[in-house]
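Below you'll find the structure, written out as structure tokens, and then a few comments.
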Amino acid sequence: MNMYQQSLTAWSRLGRSVHSKKNAPPVSHGIVAGTRVASNLGWRVAEALTVGDKVLTFDNGVQTIMDIQRATLWADGTEIAKGLWPVVIPAGALGNAQEVTLLPDQGVMLESEAASDPLGDPFAVVPAQALEGLCGIRRSPPAHPVELITFYFARDEVIYIDGGLLIHCPRSVVHLQDMMAPEEVLYEVTSVTQAREILKDSEMTRQALVQSGGYVFGATDMVLVA
């Protein structure tokens with residue numbers, strides 16, 4: 001069972017793609033409502049995007065949103081185990097213009113000479129929880145319910161949020177043709193242990209964490225082309 005199959009907490013399904021609790025997949029990644037996403041129409045809050053809208057991706061240009069799922073997390077007021085606390089990324093820590101909250105298993109792309117992706121480039125996708133303690137990144141108990149918005153594309157993608165932070169959006173469905181002739185995996189989220197080995201690189205810790213993916217965009221000066 002991989003990290004995207006682990007259940008984080010009780011939740012209710014909302015919005016465009018409605019599933020029963022019995023059949024709904026566990027929530028382990030997504031974007032908190034109010035977080036801005038880089039789209040072909042500029043920076044837009046996640047909840048304003050709909051199926052068919054286009055989002056800027058790290059490797060594949062502008063891609064169409066194929067599905068959106070919404071969930072309400074931490075709505076029942078019960079105490080949450082510390083291991084499930086969300087990860088709070090202070091403004092500027094990873095190229096983000098404002099404070100961002102992520103689920104602990106949410107994949108974050110970082111640049112590091114100590115890593116290499118399938119294309120041979122120095123990037124790694126690490127779980128947000130592995131970043132705790134670096135650049136002020138911390139775990140914090142959820143203070144109130146939040147709406148989590150999860151985007152799905154035709155394949156795995158990495159997208160830009162809040163000025164320059166890069167997050168992984170795994171594909172929700174594996175098609176039969178992919179099973180017969182699987183595509184090369186472009187993004188594989190490391191384990192926490194693997195991530196911490198990568199993060200031992202002091203230069204990466206000092207530089208790449210404040211310049212996620214090698215790009216830092218201002219909140220208002222990023223020009224997107226459809």
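Numbering starts fresh at 1 for the residues of each chain in the structure tokens, the chains themselves are lettered A, B, ... in the order given, and ligands are numbered from 1 as they appear.
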
Q: Please provide the set of residues having any atom within 12 Å of A:Trp85, restricted to only C-alpha atoms, with same-chain residues fewer than 6 positions apart removed, written as a list in words.
A: Leu8, Thr9, Ser28, Leu73, Trp74, Glu79, Thr101, Leu102, Leu103, Pro104, Asp105, Ala128, Gln129, Glu132, Arg138, Arg139, Ser140, Pro141, Pro142 and Ala143 of chain A

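The gap separating atom CA of A:His144 from atom CA of A:Glu47 is 17.9 Å, in Å to one decimal.
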
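Comparing A:Asp67, A:Glu111, A:Asp162, A:Asp156 by their smallest distance to A:Gly42, the closest is A:Asp162 (using only C-alpha atoms).
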
Q.
Write out as a PyMOL selection string the set of residues from stretch 37-209 of chain A that DSSP, computed on the backbone, places in strand (DSSP E).
A. chain A and resi 37-39+42-45+54-56+62-64+67-73+87-89+100-102+107-111+123-127+138-139+146-152+157-161+165-169

Q | Separation of atom CA of A:Pro90 from atom CA of A:Ile161, in Å and rounded to one decimal | A | 13.6 Å

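Of note, atom CA of A:Glu147 and atom CA of A:Arg44 are spaced 15.9 Å apart.
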
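Counting only C-alpha atoms, the residue from A:Leu199, A:Leu148, A:Leu165, A:Val27 that sits nearest to A:Asn96 is A:Leu165.
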
Q.
Need the shell around stretch 123-126 of chain A: protein/DNA/RNA residues with any atom at most 7 Å away, counting only C-alpha atoms. Skip same-chain ones fewer than 4 positions apart. Format as a PyMOL selection string?
A. chain A and resi 107-112+115-117+130+187-190+195

Keeping only N, CA and C atoms, write those residues as a compact mmCIF listing (two decimals), in the first residue's frame.
```txt
# COMPACT_ATOMS: atom_id res chain seq x y z
N GLY A 107 2.73 15.24 -2.11
CA GLY A 107 4.04 15.31 -2.75
C GLY A 107 4.41 16.74 -3.12
N VAL A 108 5.64 17.12 -2.79
CA VAL A 108 6.18 18.45 -3.10
C VAL A 108 7.45 18.26 -3.93
N MET A 109 7.53 18.94 -5.07
CA MET A 109 8.73 18.82 -5.91
C MET A 109 9.78 19.83 -5.48
N LEU A 110 11.01 19.33 -5.33
CA LEU A 110 12.15 20.16 -4.97
C LEU A 110 13.30 19.89 -5.92
N GLU A 111 14.15 20.86 -6.08
CA GLU A 111 15.36 20.69 -6.87
C GLU A 111 16.50 20.30 -5.94
N SER A 112 17.25 19.27 -6.31
CA SER A 112 18.38 18.84 -5.50
C SER A 112 19.37 18.07 -6.35
N ALA A 115 19.42 14.27 -6.01
CA ALA A 115 18.34 13.45 -6.54
C ALA A 115 18.36 13.49 -8.06
N SER A 116 17.60 12.58 -8.66
CA SER A 116 17.47 12.55 -10.11
C SER A 116 16.13 11.94 -10.47
N ASP A 117 15.36 12.62 -11.34
CA ASP A 117 14.08 12.07 -11.77
C ASP A 117 14.30 11.17 -12.98
N ALA A 130 8.12 15.22 5.37
CA ALA A 130 9.57 15.07 5.47
C ALA A 130 10.28 16.41 5.59
N TYR A 187 6.89 10.87 -12.12
CA TYR A 187 6.95 11.36 -10.75
C TYR A 187 6.69 10.21 -9.79
N GLU A 188 7.61 10.02 -8.87
CA GLU A 188 7.43 9.01 -7.83
C GLU A 188 7.76 9.65 -6.50
N VAL A 189 6.76 9.70 -5.64
CA VAL A 189 6.96 10.33 -4.34
C VAL A 189 7.84 9.43 -3.49
N THR A 190 8.91 9.99 -2.97
CA THR A 190 9.84 9.22 -2.15
C THR A 190 9.19 8.87 -0.81
N ALA A 195 13.44 10.79 1.48
CA ALA A 195 13.42 12.25 1.40
C ALA A 195 14.44 12.86 2.34
```

Q) Neighbours of stretch 55-64 of chain A within 7 Å (only C-alpha atoms; same-chain residues fewer than 3 positions away dropped), as a ChimeraX atom specification? A) /A:38-40,52,153,157-160,226

Those same residues - N, CA, C and O atoms - I'd like them written as a PDB file, in the first residue's frame.
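The new file part_6.pdb reads:
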```pdb
ATOM      1  N   ALA A  38      -1.841  28.270 -10.581  1.00  0.00           N
ATOM      2  CA  ALA A  38      -1.462  28.909 -11.844  1.00  0.00           C
ATOM      3  C   ALA A  38      -2.266  28.288 -12.981  1.00  0.00           C
ATOM      4  O   ALA A  38      -2.107  27.109 -13.290  1.00  0.00           O
ATOM      5  N   SER A  39      -3.134  29.067 -13.604  1.00  0.00           N
ATOM      6  CA  SER A  39      -3.961  28.589 -14.708  1.00  0.00           C
ATOM      7  C   SER A  39      -3.673  29.414 -15.956  1.00  0.00           C
ATOM      8  O   SER A  39      -2.908  30.390 -15.918  1.00  0.00           O
ATOM      9  N   ASN A  40      -4.299  29.036 -17.072  1.00  0.00           N
ATOM     10  CA  ASN A  40      -4.102  29.815 -18.297  1.00  0.00           C
ATOM     11  C   ASN A  40      -4.763  31.185 -18.211  1.00  0.00           C
ATOM     12  O   ASN A  40      -4.535  32.049 -19.051  1.00  0.00           O
ATOM     13  N   GLY A  52     -12.379  21.047 -17.122  1.00  0.00           N
ATOM     14  CA  GLY A  52     -12.238  21.676 -18.429  1.00  0.00           C
ATOM     15  C   GLY A  52     -11.327  22.894 -18.413  1.00  0.00           C
ATOM     16  O   GLY A  52     -10.819  23.301 -19.465  1.00  0.00           O
ATOM     17  N   PHE A 153      -5.704  15.025 -13.711  1.00  0.00           N
ATOM     18  CA  PHE A 153      -5.408  15.272 -15.119  1.00  0.00           C
ATOM     19  C   PHE A 153      -5.324  13.932 -15.848  1.00  0.00           C
ATOM     20  O   PHE A 153      -5.506  12.871 -15.257  1.00  0.00           O
ATOM     21  N   GLU A 157       0.771  14.879 -12.865  1.00  0.00           N
ATOM     22  CA  GLU A 157       1.324  16.196 -13.163  1.00  0.00           C
ATOM     23  C   GLU A 157       1.871  16.822 -11.892  1.00  0.00           C
ATOM     24  O   GLU A 157       1.528  16.422 -10.784  1.00  0.00           O
ATOM     25  N   VAL A 158       2.718  17.814 -12.080  1.00  0.00           N
ATOM     26  CA  VAL A 158       3.154  18.699 -11.001  1.00  0.00           C
ATOM     27  C   VAL A 158       2.693  20.094 -11.378  1.00  0.00           C
ATOM     28  O   VAL A 158       2.935  20.555 -12.496  1.00  0.00           O
ATOM     29  N   ILE A 159       1.994  20.759 -10.466  1.00  0.00           N
ATOM     30  CA  ILE A 159       1.426  22.073 -10.769  1.00  0.00           C
ATOM     31  C   ILE A 159       1.978  23.132  -9.814  1.00  0.00           C
ATOM     32  O   ILE A 159       2.539  22.821  -8.768  1.00  0.00           O
ATOM     33  N   TYR A 160       1.807  24.394 -10.221  1.00  0.00           N
ATOM     34  CA  TYR A 160       2.277  25.526  -9.428  1.00  0.00           C
ATOM     35  C   TYR A 160       1.138  26.056  -8.559  1.00  0.00           C
ATOM     36  O   TYR A 160       0.029  26.293  -9.046  1.00  0.00           O
ATOM     37  N   ALA A 226      -1.672  30.429 -22.817  1.00  0.00           N
ATOM     38  CA  ALA A 226      -2.514  29.241 -23.018  1.00  0.00           C
ATOM     39  C   ALA A 226      -1.885  28.314 -24.047  1.00  0.00           C
ATOM     40  O   ALA A 226      -1.196  28.747 -24.940  1.00  0.00           O
TER      41      ALA A 226
END
```
